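input-v7.pdb follows; it contains PDB, C-alpha atoms and all ligand atoms.
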```
ATOM      1  CA  MET F 265       5.359  64.696 -74.723  1.00  0.00           C
ATOM      2  CA  ARG F 266       3.189  67.289 -73.055  1.00  0.00           C
ATOM      3  CA  LEU F 267       4.763  70.447 -71.608  1.00  0.00           C
ATOM      4  CA  GLN F 268       3.642  69.619 -68.063  1.00  0.00           C
ATOM      5  CA  THR F 269       5.371  66.243 -68.241  1.00  0.00           C
ATOM      6  CA  TRP F 270       8.568  67.920 -69.443  1.00  0.00           C
ATOM      7  CA  ILE F 271       8.457  70.382 -66.523  1.00  0.00           C
ATOM      8  CA  LEU F 272       7.855  67.484 -64.147  1.00  0.00           C
ATOM      9  CA  LEU F 273      10.818  65.522 -65.512  1.00  0.00           C
ATOM     10  CA  LEU F 274      13.087  68.579 -65.383  1.00  0.00           C
ATOM     11  CA  SER F 275      12.164  69.277 -61.765  1.00  0.00           C
ATOM     12  CA  VAL F 276      12.804  65.718 -60.533  1.00  0.00           C
ATOM     13  CA  PRO F 277      16.624  66.022 -60.262  1.00  0.00           C
ATOM     14  CA  PHE F 278      16.219  69.132 -58.028  1.00  0.00           C
ATOM     15  CA  VAL F 279      13.751  67.396 -55.738  1.00  0.00           C
ATOM     16  CA  ALA F 280      16.016  64.354 -55.480  1.00  0.00           C
ATOM     17  CA  LEU F 281      18.922  66.481 -54.213  1.00  0.00           C
ATOM     18  CA  PRO F 282      19.574  66.567 -50.477  1.00  0.00           C
ATOM     19  CA  CYS F 283      18.183  69.714 -48.834  1.00  0.00           C
ATOM     20  CA  ALA F 284      20.199  72.700 -49.975  1.00  0.00           C
ATOM     21  CA  CYS F 285      18.899  74.774 -47.078  1.00  0.00           C
ATOM     22  CA  ALA F 286      20.291  78.264 -46.754  1.00  0.00           C
ATOM     23  CA  ALA F 287      23.255  78.101 -44.464  1.00  0.00           C
ATOM     24  CA  TRP F 288      23.503  81.209 -42.315  1.00  0.00           C
ATOM     25  CA  ASP F 289      26.535  80.631 -40.128  1.00  0.00           C
ATOM     26  CA  PHE F 290      26.044  83.544 -37.756  1.00  0.00           C
ATOM     27  CA  THR F 291      23.249  85.855 -36.613  1.00  0.00           C
ATOM     28  CA  TYR F 292      23.469  88.961 -34.464  1.00  0.00           C
ATOM     29  CA  ASP F 293      19.912  89.808 -33.452  1.00  0.00           C
ATOM     30  CA  GLY F 294      20.302  93.199 -31.759  1.00  0.00           C
ATOM     31  CA  ASP F 295      19.444  92.029 -28.239  1.00  0.00           C
ATOM     32  CA  VAL F 296      22.609  93.545 -26.751  1.00  0.00           C
ATOM     33  CA  LEU F 297      25.418  95.771 -28.040  1.00  0.00           C
ATOM     34  CA  PRO F 298      27.616  93.886 -30.550  1.00  0.00           C
ATOM     35  CA  VAL F 299      30.600  94.350 -28.207  1.00  0.00           C
ATOM     36  CA  ASP F 300      28.762  93.046 -25.103  1.00  0.00           C
ATOM     37  CA  ALA F 301      30.837  90.289 -23.465  1.00  0.00           C
ATOM     38  CA  ALA F 302      27.562  88.441 -22.775  1.00  0.00           C
ATOM     39  CA  LEU F 303      27.682  87.374 -26.447  1.00  0.00           C
ATOM     40  CA  GLY F 304      30.665  85.148 -25.639  1.00  0.00           C
ATOM     41  CA  ALA F 305      32.173  83.759 -28.838  1.00  0.00           C
ATOM     42  CA  ASP F 306      29.565  85.718 -30.833  1.00  0.00           C
ATOM     43  CA  VAL F 307      30.948  89.083 -29.731  1.00  0.00           C
ATOM     44  CA  TRP F 308      32.060  91.618 -32.367  1.00  0.00           C
ATOM     45  CA  ALA F 309      35.348  93.499 -32.213  1.00  0.00           C
ATOM     46  CA  LEU F 310      35.679  97.260 -32.641  1.00  0.00           C
ATOM     47  CA  ARG F 311      38.091  98.429 -35.307  1.00  0.00           C
ATOM     48  CA  ARG F 312      39.522 100.936 -32.848  1.00  0.00           C
ATOM     49  CA  PRO F 313      39.242  99.472 -29.339  1.00  0.00           C
ATOM     50  CA  GLY F 314      39.272 102.972 -27.798  1.00  0.00           C
ATOM     51  CA  ASP F 315      35.897 103.596 -29.408  1.00  0.00           C
ATOM     52  CA  GLN F 316      34.047 101.551 -26.806  1.00  0.00           C
ATOM     53  CA  ALA F 317      33.316 104.591 -24.562  1.00  0.00           C
ATOM     54  CA  PHE F 318      31.960 106.354 -27.599  1.00  0.00           C
ATOM     55  CA  LEU F 319      29.087 103.826 -27.608  1.00  0.00           C
ATOM     56  CA  SER F 320      27.671 105.275 -24.370  1.00  0.00           C
ATOM     57  CA  GLU F 321      24.716 106.796 -26.249  1.00  0.00           C
ATOM     58  CA  SER F 322      24.055 103.568 -28.130  1.00  0.00           C
ATOM     59  CA  GLY F 323      22.056 100.677 -26.753  1.00  0.00           C
ATOM     60  CA  ALA F 324      19.929  97.658 -27.537  1.00  0.00           C
ATOM     61  CA  SER F 325      16.304  97.075 -26.638  1.00  0.00           C
ATOM     62  CA  ASP F 326      13.356  95.085 -27.968  1.00  0.00           C
ATOM     63  CA  GLY F 327      15.711  93.252 -30.312  1.00  0.00           C
ATOM     64  CA  PHE F 328      17.105  96.365 -32.020  1.00  0.00           C
ATOM     65  CA  LEU F 329      20.552  97.889 -31.811  1.00  0.00           C
ATOM     66  CA  HIS F 330      20.301 101.685 -31.641  1.00  0.00           C
ATOM     67  CA  LEU F 331      23.617 102.956 -32.958  1.00  0.00           C
ATOM     68  CA  VAL F 332      24.312 106.631 -32.223  1.00  0.00           C
ATOM     69  CA  ASP F 333      27.332 108.477 -33.630  1.00  0.00           C
ATOM     70  CA  ARG F 334      27.171 112.191 -32.863  1.00  0.00           C
ATOM     71  CA  ARG F 335      30.903 112.886 -32.991  1.00  0.00           C
ATOM     72  CA  ASN F 336      33.109 113.905 -35.890  1.00  0.00           C
ATOM     73  CA  ASP F 337      36.288 112.592 -34.267  1.00  0.00           C
ATOM     74  CA  GLN F 338      35.218 108.979 -33.706  1.00  0.00           C
ATOM     75  CA  ALA F 339      33.570 106.069 -35.444  1.00  0.00           C
ATOM     76  CA  ALA F 340      32.364 102.589 -34.523  1.00  0.00           C
ATOM     77  CA  LEU F 341      33.023  99.770 -36.941  1.00  0.00           C
ATOM     78  CA  PHE F 342      32.063  96.320 -35.637  1.00  0.00           C
ATOM     79  CA  TYR F 343      33.806  93.439 -37.326  1.00  0.00           C
ATOM     80  CA  ARG F 344      34.293  89.694 -37.139  1.00  0.00           C
ATOM     81  CA  ASP F 345      37.103  87.775 -38.795  1.00  0.00           C
ATOM     82  CA  ASP F 346      35.682  84.263 -39.054  1.00  0.00           C
ATOM     83  CA  VAL F 347      35.016  84.293 -42.796  1.00  0.00           C
ATOM     84  CA  GLY F 348      37.996  82.691 -44.474  1.00  0.00           C
ATOM     85  CA  PRO F 349      40.113  84.912 -46.746  1.00  0.00           C
ATOM     86  CA  GLY F 350      38.895  84.475 -50.302  1.00  0.00           C
ATOM     87  CA  SER F 351      35.885  82.466 -49.143  1.00  0.00           C
ATOM     88  CA  PRO F 352      32.457  83.219 -50.566  1.00  0.00           C
ATOM     89  CA  VAL F 353      30.487  85.404 -48.209  1.00  0.00           C
ATOM     90  CA  THR F 354      26.904  86.594 -47.910  1.00  0.00           C
ATOM     91  CA  ILE F 355      25.893  89.291 -45.448  1.00  0.00           C
ATOM     92  CA  GLU F 356      22.388  90.471 -44.722  1.00  0.00           C
ATOM     93  CA  GLY F 357      21.104  93.161 -42.387  1.00  0.00           C
ATOM     94  CA  ARG F 358      17.771  94.799 -41.616  1.00  0.00           C
ATOM     95  CA  VAL F 359      18.405  98.456 -40.918  1.00  0.00           C
ATOM     96  CA  ARG F 360      16.716 101.841 -40.645  1.00  0.00           C
ATOM     97  CA  VAL F 361      18.477 105.204 -40.620  1.00  0.00           C
ATOM     98  CA  VAL F 362      17.202 108.073 -38.483  1.00  0.00           C
ATOM     99  CA  ALA F 363      19.921 110.517 -39.558  1.00  0.00           C
ATOM    100  CA  ALA F 364      23.053 110.251 -41.662  1.00  0.00           C
ATOM    101  CA  ASP F 365      25.171 113.325 -42.231  1.00  0.00           C
ATOM    102  CA  ASP F 366      27.871 113.035 -44.881  1.00  0.00           C
ATOM    103  CA  PRO F 367      30.219 116.047 -44.663  1.00  0.00           C
ATOM    104  CA  TYR F 368      31.797 115.139 -48.001  1.00  0.00           C
ATOM    105  CA  ASN F 369      28.598 114.900 -49.979  1.00  0.00           C
ATOM    106  CA  GLY F 370      28.559 111.271 -51.053  1.00  0.00           C
ATOM    107  CA  LEU F 371      32.291 110.625 -50.810  1.00  0.00           C
ATOM    108  CA  ILE F 372      32.423 109.364 -47.229  1.00  0.00           C
ATOM    109  CA  GLU F 373      29.832 106.849 -46.096  1.00  0.00           C
ATOM    110  CA  PRO F 374      27.974 107.597 -42.845  1.00  0.00           C
ATOM    111  CA  LEU F 375      27.207 103.877 -42.388  1.00  0.00           C
ATOM    112  CA  LEU F 376      28.880 100.820 -43.796  1.00  0.00           C
ATOM    113  CA  PHE F 377      27.930  97.198 -44.169  1.00  0.00           C
ATOM    114  CA  GLY F 378      29.858  94.450 -45.927  1.00  0.00           C
ATOM    115  CA  GLY F 379      32.694  91.989 -46.014  1.00  0.00           C
ATOM    116  CA  ARG F 380      35.916  91.157 -47.822  1.00  0.00           C
ATOM    117  CA  LEU F 381      36.286  94.813 -48.883  1.00  0.00           C
ATOM    118  CA  ALA F 382      33.029  94.789 -50.846  1.00  0.00           C
ATOM    119  CA  PHE F 383      30.362  96.844 -49.164  1.00  0.00           C
ATOM    120  CA  VAL F 384      27.186  98.876 -49.197  1.00  0.00           C
ATOM    121  CA  ALA F 385      27.409 102.423 -47.878  1.00  0.00           C
ATOM    122  CA  ILE F 386      24.198 103.674 -46.330  1.00  0.00           C
ATOM    123  CA  PHE F 387      23.064 107.278 -46.575  1.00  0.00           C
ATOM    124  CA  GLY F 388      19.716 108.751 -45.519  1.00  0.00           C
ATOM    125  CA  ASP F 389      18.190 108.747 -48.986  1.00  0.00           C
ATOM    126  CA  ARG F 390      20.296 106.246 -50.952  1.00  0.00           C
ATOM    127  CA  ILE F 391      22.738 103.391 -50.767  1.00  0.00           C
ATOM    128  CA  GLY F 392      26.051 103.150 -52.571  1.00  0.00           C
ATOM    129  CA  VAL F 393      27.687  99.930 -53.715  1.00  0.00           C
ATOM    130  CA  ARG F 394      31.459  99.800 -53.831  1.00  0.00           C
ATOM    131  CA  TYR F 395      34.410  97.418 -53.553  1.00  0.00           C
ATOM    132  CA  ILE F 396      38.151  97.761 -53.219  1.00  0.00           C
ATOM    133  CA  GLY F 397      39.621  98.961 -56.493  1.00  0.00           C
ATOM    134  CA  MET F 398      36.400 100.684 -57.539  1.00  0.00           C
ATOM    135  CA  ASN F 399      36.877 104.442 -57.321  1.00  0.00           C
ATOM    136  CA  SER F 400      33.298 105.606 -56.971  1.00  0.00           C
ATOM    137  CA  PHE F 401      29.959 104.444 -55.615  1.00  0.00           C
ATOM    138  CA  ILE F 402      27.136 103.116 -57.705  1.00  0.00           C
ATOM    139  CA  PHE F 403      24.136 104.707 -56.033  1.00  0.00           C
ATOM    140  CA  SER F 404      20.548 103.523 -55.770  1.00  0.00           C
ATOM    141  CA  PRO F 405      17.950 105.876 -54.285  1.00  0.00           C
ATOM    142  CA  LEU F 406      16.396 104.379 -51.170  1.00  0.00           C
ATOM    143  CA  ASP F 407      14.377 105.946 -48.357  1.00  0.00           C
ATOM    144  CA  MET F 408      16.339 104.617 -45.407  1.00  0.00           C
ATOM    145  CA  SER F 409      13.914 106.132 -42.868  1.00  0.00           C
ATOM    146  CA  GLU F 410      12.022 102.857 -43.326  1.00  0.00           C
ATOM    147  CA  PHE F 411      13.513  99.452 -42.499  1.00  0.00           C
ATOM    148  CA  HIS F 412      15.089  97.651 -45.436  1.00  0.00           C
ATOM    149  CA  VAL F 413      16.701  94.237 -45.749  1.00  0.00           C
ATOM    150  CA  ILE F 414      20.032  94.666 -47.511  1.00  0.00           C
ATOM    151  CA  ARG F 415      21.931  91.598 -48.659  1.00  0.00           C
ATOM    152  CA  LEU F 416      25.267  91.416 -50.430  1.00  0.00           C
ATOM    153  CA  ALA F 417      26.912  88.242 -51.676  1.00  0.00           C
ATOM    154  CA  LEU F 418      30.416  87.771 -52.981  1.00  0.00           C
ATOM    155  CA  GLU F 419      31.712  84.678 -54.724  1.00  0.00           C
ATOM    156  CA  GLY F 420      34.935  83.045 -53.573  1.00  0.00           C
ATOM    157  CA  SER F 421      38.145  84.239 -55.174  1.00  0.00           C
ATOM    158  CA  GLN F 422      38.525  80.676 -56.473  1.00  0.00           C
ATOM    159  CA  ALA F 423      35.469  81.256 -58.668  1.00  0.00           C
ATOM    160  CA  GLY F 424      37.521  80.397 -61.760  1.00  0.00           C
ATOM    161  CA  PHE F 425      39.357  82.336 -64.439  1.00  0.00           C
ATOM    162  CA  ARG F 426      37.287  85.434 -63.811  1.00  0.00           C
ATOM    163  CA  ASP F 427      36.703  87.942 -61.050  1.00  0.00           C
ATOM    164  CA  PRO F 428      34.261  86.950 -58.292  1.00  0.00           C
ATOM    165  CA  ALA F 429      30.668  88.053 -58.805  1.00  0.00           C
ATOM    166  CA  PHE F 430      29.325  90.622 -56.369  1.00  0.00           C
ATOM    167  CA  THR F 431      25.557  91.024 -56.062  1.00  0.00           C
ATOM    168  CA  VAL F 432      23.386  93.246 -53.872  1.00  0.00           C
ATOM    169  CA  TRP F 433      19.669  92.923 -53.129  1.00  0.00           C
ATOM    170  CA  VAL F 434      17.319  95.276 -51.299  1.00  0.00           C
ATOM    171  CA  ASP F 435      14.131  93.713 -49.933  1.00  0.00           C
ATOM    172  CA  GLY F 436      14.735  90.728 -52.221  1.00  0.00           C
ATOM    173  CA  ALA F 437      15.156  92.780 -55.422  1.00  0.00           C
ATOM    174  CA  GLN F 438      18.570  92.859 -57.079  1.00  0.00           C
ATOM    175  CA  VAL F 439      20.054  96.369 -57.268  1.00  0.00           C
ATOM    176  CA  PHE F 440      23.624  95.576 -58.361  1.00  0.00           C
ATOM    177  CA  SER F 441      25.578  92.721 -59.892  1.00  0.00           C
ATOM    178  CA  GLY F 442      29.043  92.733 -61.373  1.00  0.00           C
ATOM    179  CA  PRO F 443      32.591  91.397 -61.117  1.00  0.00           C
ATOM    180  CA  ALA F 444      34.518  92.591 -58.065  1.00  0.00           C
ATOM    181  CA  PRO F 445      38.260  92.211 -58.662  1.00  0.00           C
ATOM    182  CA  GLY F 446      40.668  92.544 -55.765  1.00  0.00           C
ATOM    183  CA  THR F 447      38.200  91.657 -53.005  1.00  0.00           C
ATOM    184  CA  THR F 448      40.270  89.851 -50.383  1.00  0.00           C
ATOM    185  CA  GLY F 449      40.473  89.553 -46.623  1.00  0.00           C
ATOM    186  CA  GLY F 450      38.142  87.767 -44.294  1.00  0.00           C
ATOM    187  CA  SER F 451      36.247  90.367 -42.288  1.00  0.00           C
ATOM    188  CA  VAL F 452      32.526  90.984 -42.030  1.00  0.00           C
ATOM    189  CA  TYR F 453      31.659  94.422 -40.704  1.00  0.00           C
ATOM    190  CA  PHE F 454      28.967  97.008 -40.043  1.00  0.00           C
ATOM    191  CA  GLY F 455      28.781 100.410 -38.404  1.00  0.00           C
ATOM    192  CA  THR F 456      30.748 103.553 -39.220  1.00  0.00           C
ATOM    193  CA  LEU F 457      34.251 103.514 -40.682  1.00  0.00           C
ATOM    194  CA  PHE F 458      35.213 107.192 -40.927  1.00  0.00           C
ATOM    195  CA  ASN F 459      35.264 109.656 -38.032  1.00  0.00           C
ATOM    196  CA  GLN F 460      33.810 112.722 -39.720  1.00  0.00           C
ATOM    197  CA  PRO F 461      30.249 111.623 -40.574  1.00  0.00           C
ATOM    198  CA  THR F 462      27.551 111.397 -37.926  1.00  0.00           C
ATOM    199  CA  SER F 463      24.602 109.022 -37.969  1.00  0.00           C
ATOM    200  CA  GLU F 464      21.842 107.396 -35.991  1.00  0.00           C
ATOM    201  CA  SER F 465      20.455 104.022 -37.016  1.00  0.00           C
ATOM    202  CA  TYR F 466      18.516 100.965 -35.863  1.00  0.00           C
ATOM    203  CA  TRP F 467      19.674  97.437 -36.682  1.00  0.00           C
ATOM    204  CA  ASP F 468      17.221  94.551 -36.308  1.00  0.00           C
ATOM    205  CA  TYR F 469      19.774  91.903 -37.224  1.00  0.00           C
ATOM    206  CA  VAL F 470      22.977  91.209 -39.126  1.00  0.00           C
ATOM    207  CA  ARG F 471      23.701  87.683 -40.312  1.00  0.00           C
ATOM    208  CA  TYR F 472      26.254  86.117 -42.589  1.00  0.00           C
ATOM    209  CA  SER F 473      27.250  82.917 -44.298  1.00  0.00           C
ATOM    210  CA  ASN F 474      30.410  81.382 -45.717  1.00  0.00           C
ATOM    211  CA  GLU F 475      28.402  80.556 -48.829  1.00  0.00           C
ATOM    212  CA  TYR F 476      27.178  82.607 -51.761  1.00  0.00           C
ATOM    213  CA  LEU F 477      23.433  82.818 -51.057  1.00  0.00           C
ATOM    214  CA  PRO F 478      21.459  84.485 -53.833  1.00  0.00           C
ATOM    215  CA  VAL F 479      17.848  85.657 -53.554  1.00  0.00           C
ATOM    216  CA  PRO F 480      15.799  83.490 -53.672  1.00  0.00           C
ATOM    217  CA  GLU F 481      17.899  81.172 -51.554  1.00  0.00           C
ATOM    218  CA  PRO F 482      18.547  77.621 -52.780  1.00  0.00           C
ATOM    219  CA  SER F 483      16.003  76.315 -50.256  1.00  0.00           C
ATOM    220  CA  GLY F 484      13.465  78.776 -51.708  1.00  0.00           C
ATOM    221  CA  LEU F 485      14.089  77.443 -55.196  1.00  0.00           C
ATOM    222  CA  LEU F 486      13.730  73.916 -53.864  1.00  0.00           C
ATOM    223  CA  ALA F 487      10.408  74.770 -52.188  1.00  0.00           C
ATOM    224  CA  LEU F 488       9.208  76.410 -55.390  1.00  0.00           C
ATOM    225  CA  THR F 489      10.168  73.342 -57.434  1.00  0.00           C
ATOM    226  CA  SER F 490       8.606  70.984 -54.887  1.00  0.00           C
ATOM    227  CA  GLY F 491       5.443  73.084 -54.912  1.00  0.00           C
ATOM    228  CA  LEU F 492       5.314  73.002 -58.691  1.00  0.00           C
ATOM    229  CA  THR F 493       5.832  69.251 -58.708  1.00  0.00           C
ATOM    230  CA  GLY F 494       3.078  68.805 -56.128  1.00  0.00           C
ATOM    231  CA  LEU F 495       0.728  70.991 -58.118  1.00  0.00           C
ATOM    232  CA  LEU F 496       1.387  69.036 -61.301  1.00  0.00           C
ATOM    233  CA  ALA F 497       0.909  65.736 -59.464  1.00  0.00           C
ATOM    234  CA  MET F 498      -2.425  67.014 -58.165  1.00  0.00           C
ATOM    235  CA  ARG F 499      -3.515  68.058 -61.633  1.00  0.00           C
ATOM    236  CA  ARG F 500      -2.491  64.655 -62.980  1.00  0.00           C
ATOM    237  CA  ARG F 501      -4.518  62.901 -60.307  1.00  0.00           C
ATOM    238  CA  ARG F 502      -7.494  65.141 -61.070  1.00  0.00           C
ATOM    239  CA  GLY F 503      -7.077  64.398 -64.757  1.00  0.00           C
ATOM    240  CA  ALA F 504      -6.940  60.656 -64.059  1.00  0.00           C
ATOM    241  CA  GLY F 505     -10.022  60.811 -61.787  1.00  0.00           C
TER     242      GLY F 505
HETATM  243 CA    CA S   1      16.289  91.776 -33.794  1.00  0.00          CA
HETATM  244 CA    CA S   2      31.518 109.942 -36.408  1.00  0.00          CA
END
```

Go ahead and express the file in the form of structure tokens.
Amino acid sequence: MRLQTWILLLSVPFVALPCACAAWDFTYDGDVLPVDAALGADVWALRRPGDQAFLSESGASDGFLHLVDRRNDQAALFYRDDVGPGSPVTIEGRVRVVAADDPYNGLIEPLLFGGRLAFVAIFGDRIGVRYIGMNSFIFSPLDMSEFHVIRLALEGSQAGFRDPAFTVWVDGAQVFSGPAPGTTGGSVYFGTLFNQPTSESYWDYVRYSNEYLPVPEPSGLLALTSGLTGLLAMRRRRGAG
């Protein structure tokens, strides 16, 4: 049997599956502050409710949240609790950092982004991957003065007789993958966790899913397979004609 026919046969079961479209359950698109009551059920909570006044310098315009933290005695961590404890979770954000001062030189993250206690810390010139139970960051250099799409995905804690896999992509390229023991809890969060650092950043969007969504997404794989099948069918027709 020819190779093309084998590829065609192998791709048929994928095409026959119902659409495995990427399931983003929630999107914050930066049109208003995350804590704006106008968001209704889509509003984010602040980790410390008293921090709301501290957002007076922050704002949202043209679809971007401008998050300004100039103080070393306050922080603003936005969170939502509607990801089930132990559930798989995927979180993606498009973000740019204007300034990010870390008074502890890589120990305290100026900006934070993650869920279920697995997160990406954002600095001006690098990102750090970390999860609960992991004592230090794994850093990747990254010029955060430009916008980047950062995605992290964490398997459910029912993944089997092993620790859940934790994977991070930047602009679609994988930068970290490994087991992440001890990751529990149901929150999704972004913003600043610790008071001391200061930062200024722009957020185009933050979205998340209760599924583990790798890059490329399942729907992307499906499209690729469908495209390949179509191409082969075309070549077969050409060959027959
Ligand atoms: Ca936006
Ligand atoms: Ca601060």

Matched chain/residue IDs from the PyMOL selection byres (((chain F and resi 340-355) around 7) and not hetatm), as number ranges by chain: F: 308-311, 315, 339, 356-357, 378, 415-421, 448-457, 471-477

Within 6 Å of ligand CA 2 (chain S), counting all atoms listed in the file, residues as a list in words: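 Every residue with an atom at most 6 Å from ligand CA 2 (chain S) is listed here: Asp333, Arg335, Asn336, Asp337, Gln338, Ala339, Asn459, Gln460, Pro461 and Thr462 of chain F.
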
Cut-off 12 Å, only C-alpha atoms and all ligand atoms, neighbours of ligand CA 1 (chain S) as a list in words: Thr291, Tyr292, Asp293, Gly294, Asp295, Val296, Leu297, Pro298, Ala324, Ser325, Asp326, Gly327, Phe328, Leu329, His330, Gly357, Arg358, Val359, Phe411, Tyr466, Trp467, Asp468, Tyr469, Val470 and Arg471 of chain F

Interatomic distance (Å, one decimal) between atom CA of F:Arg394 and atom CA of F:Ala382: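 Between atom CA of F:Arg394 and atom CA of F:Ala382 the gap works out to 6.0 Å.
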
Polymer residues at most 12 Å from F:Ser400, all atoms listed in the file, same-chain spacing of 2 or more positions, as a ChimeraX atom specification: /F:370-373,384-385,392-398,402-403

Please produce a file of those selected residues containing C-alpha atoms, as a short mmCIF file (atom, residue, chain, number, x, y, z; two decimals), in the coordinates of the input.
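Printed below is selection_34.cif as written:
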```cif
data_model
loop_
_atom_site.label_atom_id
_atom_site.label_comp_id
_atom_site.auth_asym_id
_atom_site.auth_seq_id
_atom_site.Cartn_x
_atom_site.Cartn_y
_atom_site.Cartn_z
CA GLY F 370 28.56 111.27 -51.05
CA LEU F 371 32.29 110.62 -50.81
CA ILE F 372 32.42 109.36 -47.23
CA GLU F 373 29.83 106.85 -46.10
CA VAL F 384 27.19 98.88 -49.20
CA ALA F 385 27.41 102.42 -47.88
CA GLY F 392 26.05 103.15 -52.57
CA VAL F 393 27.69 99.93 -53.72
CA ARG F 394 31.46 99.80 -53.83
CA TYR F 395 34.41 97.42 -53.55
CA ILE F 396 38.15 97.76 -53.22
CA GLY F 397 39.62 98.96 -56.49
CA MET F 398 36.40 100.68 -57.54
CA ILE F 402 27.14 103.12 -57.70
CA PHE F 403 24.14 104.71 -56.03
#
```

Separation of atom CA of F:Pro445 from atom CA of F:Pro428, in Å and rounded to one decimal: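 Calculated distance between atom CA of F:Pro445 and atom CA of F:Pro428 is 6.6 Å.
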
Output, as JSON, the centre and edge lengths in Å (one decimal) of the axis-aligned box that contains all listed atoms of stretch 308-312 of chain F with 6 Å of margin on each side.
```
{"center_x": 35.8, "center_y": 96.3, "center_z": -33.8, "size_x": 19.5, "size_y": 21.3, "size_z": 15.1}
```

Selection under test: the PyMOL selection byres (((chain F and resi 363) around 6) and not hetatm); residues as a list in words: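 Expected selection for the PyMOL selection byres (((chain F and resi 363) around 6) and not hetatm) here is Val361, Val362, Ala364, Ser463 and Glu464 of chain F.
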
Atom-to-atom span, atom CA of F:Phe458 and atom CA of F:Pro374, Å: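 Rounded to one decimal, the two atoms are 7.5 Å apart.
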
Closest of F:Pro480, F:Leu381, F:Asp389, F:Leu331 to F:Ala444 - atom-to-atom distances counting all atoms listed in the file: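 Among the listed residues, the smallest separation from F:Ala444 belongs to F:Leu381.
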
Selected residue, from F:Ser465, F:Thr447, F:Arg390, F:Asp289, that lies nearest to F:Arg360 when counting all atoms listed in the file: F:Ser465

Point (12.8, 95.8, -48.6), cut-off 7 Å, counting all atoms listed in the file, residues as a ChimeraX atom specification: /F:412-413,434-436
